[in-house]
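*Asks:* Shown below is the structure under consideration.
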Amino acid sequence: MDSEASVHDLTDDRYQLIEQGPASTVSRTWSSFDGQEPQWIVAKSATTRKKFSKEPHDIIKELRILCKLSHINVISVLSHFKDTTASMLTIYLPYIPFSLAQLIASPSFSPFSPPPISALDSTQEARMLVLAKSITFQILCALAYLHDPARQITHRDIKPSNILLTPEGRVVLIDFGIAHEEATASGGHGDMWPEPAGQMYFEVSTGPYRAPELLFGTRAYDAVAIDMWSVGTVLAEMFAALRLSPDYADDDLEDEGPSPDTRWARDTLFNGRRGEIGLAWSIFKVRGTPTRESWPAFAELPGAASVEFKVVPRVPLREFLPNLPTKDEGEATRVLELLEGLLAYPPPQRLRARDALNHAWFGGKIVLPPGYVDDRTTDDERVVFELDGEVLAGLSER
């Protein structure tokens, strides 16, 4: 950049728009800060005026929270700039172009060889399993750090597109625009949308990753349990069916691979395309309609009595996850057990991140990117940085 002013001028033609939504604008540019080597950086910009902001998205709170965090699996802040004249705040972040959403939608992240063969490939299945385990473990490490009593921070928008992957295979959690910090929930910190006790926003999380209690208007909920439900839906998606989307042009298209008018897409465990009631029903069709036995406190949710759902039983998760491990039945069983713990109806019964890290599914070797540092992995005999001579980056073909 030529000057201090141009660094922060997002209309400069050297800024390339990545995403523009109702809550913020995200661009990238080649630049440097504080004498560091130039690199691709992301500029996330949003208004600081409540009347123009999208409630409950809060870039002021996002910056405040990110600046107090330091974890290998959480995005770091390079710099920030407040334009008082325009009432805009811009946060500068490292640019990481690849997300878990892209990996999940790739035929390489599957136990089957690519079309037109589409046969079970034991080598590819093993690679997928190692990668899925590493990614899930790193997500849980990030959440254990955030949820720790010393911080009491919840993300509230865990989804594949908010989980980035570096070339080395390191998970980076991004987008803290609707995060919640228990210690500052009452306000007084300059946040645009404070959330006093009993007045939490339920308009958080995204589509099929939303916990069921959010769908019934509760303003007093366990935000940690919200994150853990979302992790469960993301983990389930890794083992769900991979299909060509949108509709196939003919019956043979699925065997021929994608055409210019189609793309690969992974099924989500629940259907978030039909509004809150539709999502609730899709959850109930899998997990069973809540009863006094399965979810005693469900009837206390504000909107629980507003809609009457047909009573249907719980369906085994295995039926929705065709890409579960086939070579080792015990491995598949352990994945399902972890999912059951994450997708429990009563929020207090959902596994916490620190406990999930010790689940039996992580009982073997966990391959992490070279140089990975986390207090929870120090001296952990499960952690390795290569497996059979191969590092994590080599386990995924992008």
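Note on naming: chains are A, B, ... as they come in the structure tokens, residues start from 1 per chain, ligands start from 1 in the order shown.
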Skip Asp227 of chain A itself and residues of its chain fewer than 5 positions away, then list as a list of chain:residue names all residues within 7 Å of it, counting only C-alpha atoms.

*Replies:*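 What passes the distance filter is A:Thr154, A:His155, A:Arg156, A:Ile158.
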
*Asks:* What lies within 7 Å of Ile163 of chain A using only C-alpha atoms, ignoring chain neighbours under 5 positions off, as a PyMOL selection string?

*Replies:* chain A and resi 99-100+171-174

*Asks:* Considering only C-alpha atoms, return as a list in words whatever protein or nucleic-acid residues lie within 7 Å of Ser31 of chain A, sequence-local ones (same chain, fewer than 5 positions apart) excluded.

*Replies:*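 The filter keeps Met1, Pro38, Gln39, Trp40 and Ile41 of chain A.
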
*Asks:* Take the residues from that selection and write them out as a compact mmCIF listing (two decimals), in the first residue's frame, keeping C-alpha atoms.

*Replies:*
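Listing of selection.txt after writing:
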```txt
# COMPACT_ATOMS: atom_id res chain seq x y z
CA MET A 1 0.00 0.00 0.00
CA PRO A 38 3.57 -8.65 3.01
CA GLN A 39 0.83 -11.27 2.91
CA TRP A 40 -2.74 -11.74 1.82
CA ILE A 41 -4.96 -10.27 4.49
```

*Asks:* Select from segment 29-55 of chain A every residue with an atom at most 6 Å from any atom of segment 73-95 of chain A, then for each give the shortest pair of atoms and their distance in Å to one decimal, using only C-alpha atoms, rows by chain and rising number, as a Markdown table.

*Replies:*
```
| residue | atom | partner | partner_atom | distance |
| --- | --- | --- | --- | --- |
| A:Trp40 | CA | A:Tyr95 | CA | 5.5 |
| A:Ile41 | CA | A:Tyr95 | CA | 4.7 |
| A:Val42 | CA | A:Leu93 | CA | 5.0 |
| A:Ala43 | CA | A:Tyr92 | CA | 4.7 |
| A:Lys44 | CA | A:Ile91 | CA | 5.2 |
| A:Ser45 | CA | A:Thr90 | CA | 4.2 |
| A:Ala46 | CA | A:Met88 | CA | 5.6 |
| A:Thr47 | CA | A:Met88 | CA | 4.4 |
| A:Thr48 | CA | A:Ser87 | CA | 5.4 |
```

*Asks:* Okay, now the selection with N, CA and C atoms, as a PDB file, in the first residue's frame?

*Replies:*
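out-v7.pdb written:
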```pdb
ATOM      1  N   TRP A  40      -1.317 -11.950   2.068  1.00  0.00           N
ATOM      2  CA  TRP A  40      -2.739 -11.744   1.823  1.00  0.00           C
ATOM      3  C   TRP A  40      -3.429 -11.559   3.166  1.00  0.00           C
ATOM      4  N   ILE A  41      -4.228 -10.517   3.257  1.00  0.00           N
ATOM      5  CA  ILE A  41      -4.964 -10.267   4.493  1.00  0.00           C
ATOM      6  C   ILE A  41      -6.439 -10.075   4.162  1.00  0.00           C
ATOM      7  N   VAL A  42      -7.270 -10.277   5.174  1.00  0.00           N
ATOM      8  CA  VAL A  42      -8.709 -10.087   5.051  1.00  0.00           C
ATOM      9  C   VAL A  42      -9.097  -8.832   5.818  1.00  0.00           C
ATOM     10  N   ALA A  43      -9.951  -8.042   5.211  1.00  0.00           N
ATOM     11  CA  ALA A  43     -10.511  -6.874   5.882  1.00  0.00           C
ATOM     12  C   ALA A  43     -11.998  -7.104   6.070  1.00  0.00           C
ATOM     13  N   LYS A  44     -12.417  -7.231   7.324  1.00  0.00           N
ATOM     14  CA  LYS A  44     -13.830  -7.392   7.646  1.00  0.00           C
ATOM     15  C   LYS A  44     -14.338  -6.071   8.187  1.00  0.00           C
ATOM     16  N   SER A  45     -15.334  -5.501   7.521  1.00  0.00           N
ATOM     17  CA  SER A  45     -15.798  -4.163   7.861  1.00  0.00           C
ATOM     18  C   SER A  45     -17.295  -4.162   8.113  1.00  0.00           C
ATOM     19  N   ALA A  46     -17.714  -3.414   9.128  1.00  0.00           N
ATOM     20  CA  ALA A  46     -19.141  -3.307   9.446  1.00  0.00           C
ATOM     21  C   ALA A  46     -19.396  -1.981  10.157  1.00  0.00           C
ATOM     22  N   THR A  47     -20.639  -1.568  10.131  1.00  0.00           N
ATOM     23  CA  THR A  47     -21.017  -0.314  10.778  1.00  0.00           C
ATOM     24  C   THR A  47     -20.969  -0.441  12.302  1.00  0.00           C
ATOM     25  N   THR A  48     -20.713   0.678  12.942  1.00  0.00           N
ATOM     26  CA  THR A  48     -20.756   0.723  14.407  1.00  0.00           C
ATOM     27  C   THR A  48     -21.975   1.509  14.889  1.00  0.00           C
TER      28      THR A  48
END
```

*Asks:* Using only C-alpha atoms, determine which residues lie at most 8 Å from Pro325 of chain A, disregarding the query and same-chain residues fewer than 5 positions distant; provide the list as an MDAnalysis selection string.

*Replies:* chainID A and resid 111 125 129 331:332

*Asks:* What does the file look like for those residues with N, CA and C atoms, as a short mmCIF file (atom, residue, chain, number, x, y, z; two decimals), in the first residue's frame?

*Replies:*
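File produced: result_19.cif:
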```
data_model
loop_
_atom_site.label_atom_id
_atom_site.label_comp_id
_atom_site.auth_asym_id
_atom_site.auth_seq_id
_atom_site.Cartn_x
_atom_site.Cartn_y
_atom_site.Cartn_z
N PRO A 111 -14.99 -42.20 1.52
CA PRO A 111 -14.39 -43.54 1.50
C PRO A 111 -14.45 -44.20 0.13
N GLU A 125 -10.56 -44.31 2.54
CA GLU A 125 -11.35 -44.31 3.76
C GLU A 125 -10.47 -44.04 4.98
N LEU A 129 -10.69 -40.79 7.49
CA LEU A 129 -10.92 -40.95 8.92
C LEU A 129 -9.87 -40.21 9.74
N GLU A 331 -14.81 -48.58 15.13
CA GLU A 331 -14.58 -47.16 14.83
C GLU A 331 -15.89 -46.46 14.52
N ALA A 332 -16.73 -47.08 13.73
CA ALA A 332 -18.03 -46.51 13.41
C ALA A 332 -18.88 -46.36 14.67
#
```

*Asks:* If you take only C-alpha atoms and a cut-off of 10 Å, which residues of segment 172-234 of chain A touch segment 349-360 of chain A, and what are their nearest atom pairs and distances in Å to one decimal, in chain and number order, as CSV?

*Replies:*
```
residue,atom,partner,partner_atom,distance
A:Val224,CA,A:Arg352,CA,7.6
A:Ala225,CA,A:Arg350,CA,6.3
A:Ile226,CA,A:Arg350,CA,9.3
A:Asp227,CA,A:Ala353,CA,9.2
A:Met228,CA,A:Arg352,CA,6.8
A:Trp229,CA,A:Arg350,CA,7.5
A:Val231,CA,A:Ala353,CA,9.4
A:Gly232,CA,A:Leu351,CA,9.7
```

*Asks:* Go ahead and compute the interatomic distance for atom CA of Ser53 of chain A and atom CA of Val26 of chain A, in Å to one decimal.

*Replies:* 15.2 Å

*Asks:* As a list in words, please: all residues of segment 56-97 of chain A that backbone DSSP puts in alpha helix (DSSP H).

*Replies:* Ile59, Ile60, Lys61, Glu62, Leu63, Arg64, Ile65, Leu66 and Cys67 of chain A

*Asks:* Of the candidates A:Ile283, A:Leu165, A:Val312, A:Ala150, which shows the shortest atom-to-atom distance to Gly207 of chain A, using only C-alpha atoms?

*Replies:*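 Of the candidates, the smallest distance to Gly207 of chain A is held by A:Ile283.
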
*Asks:* Choose the residue, out of A:Pro348, A:Pro149, A:Gly217, A:Pro194, that has the smallest atom-to-atom separation from Pro302 of chain A; count only C-alpha atoms.

*Replies:*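 Of A:Pro348, A:Pro149, A:Gly217, A:Pro194, the one nearest Pro302 of chain A, counting only C-alpha atoms, is A:Gly217.
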
*Asks:* Given the choices A:Leu338, A:Ala220, A:Ile153, A:Ala393, which gets closest to Gly169 of chain A if the distance is worked out from only C-alpha atoms?

*Replies:* A:Ala393

*Asks:* Determine the nearest neighbour of Leu279 of chain A from the options A:Thr184, A:Ser24, A:Ser108, A:Thr206, counting only C-alpha atoms.

*Replies:*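 Of the candidates, the smallest distance to Leu279 of chain A is held by A:Thr206.
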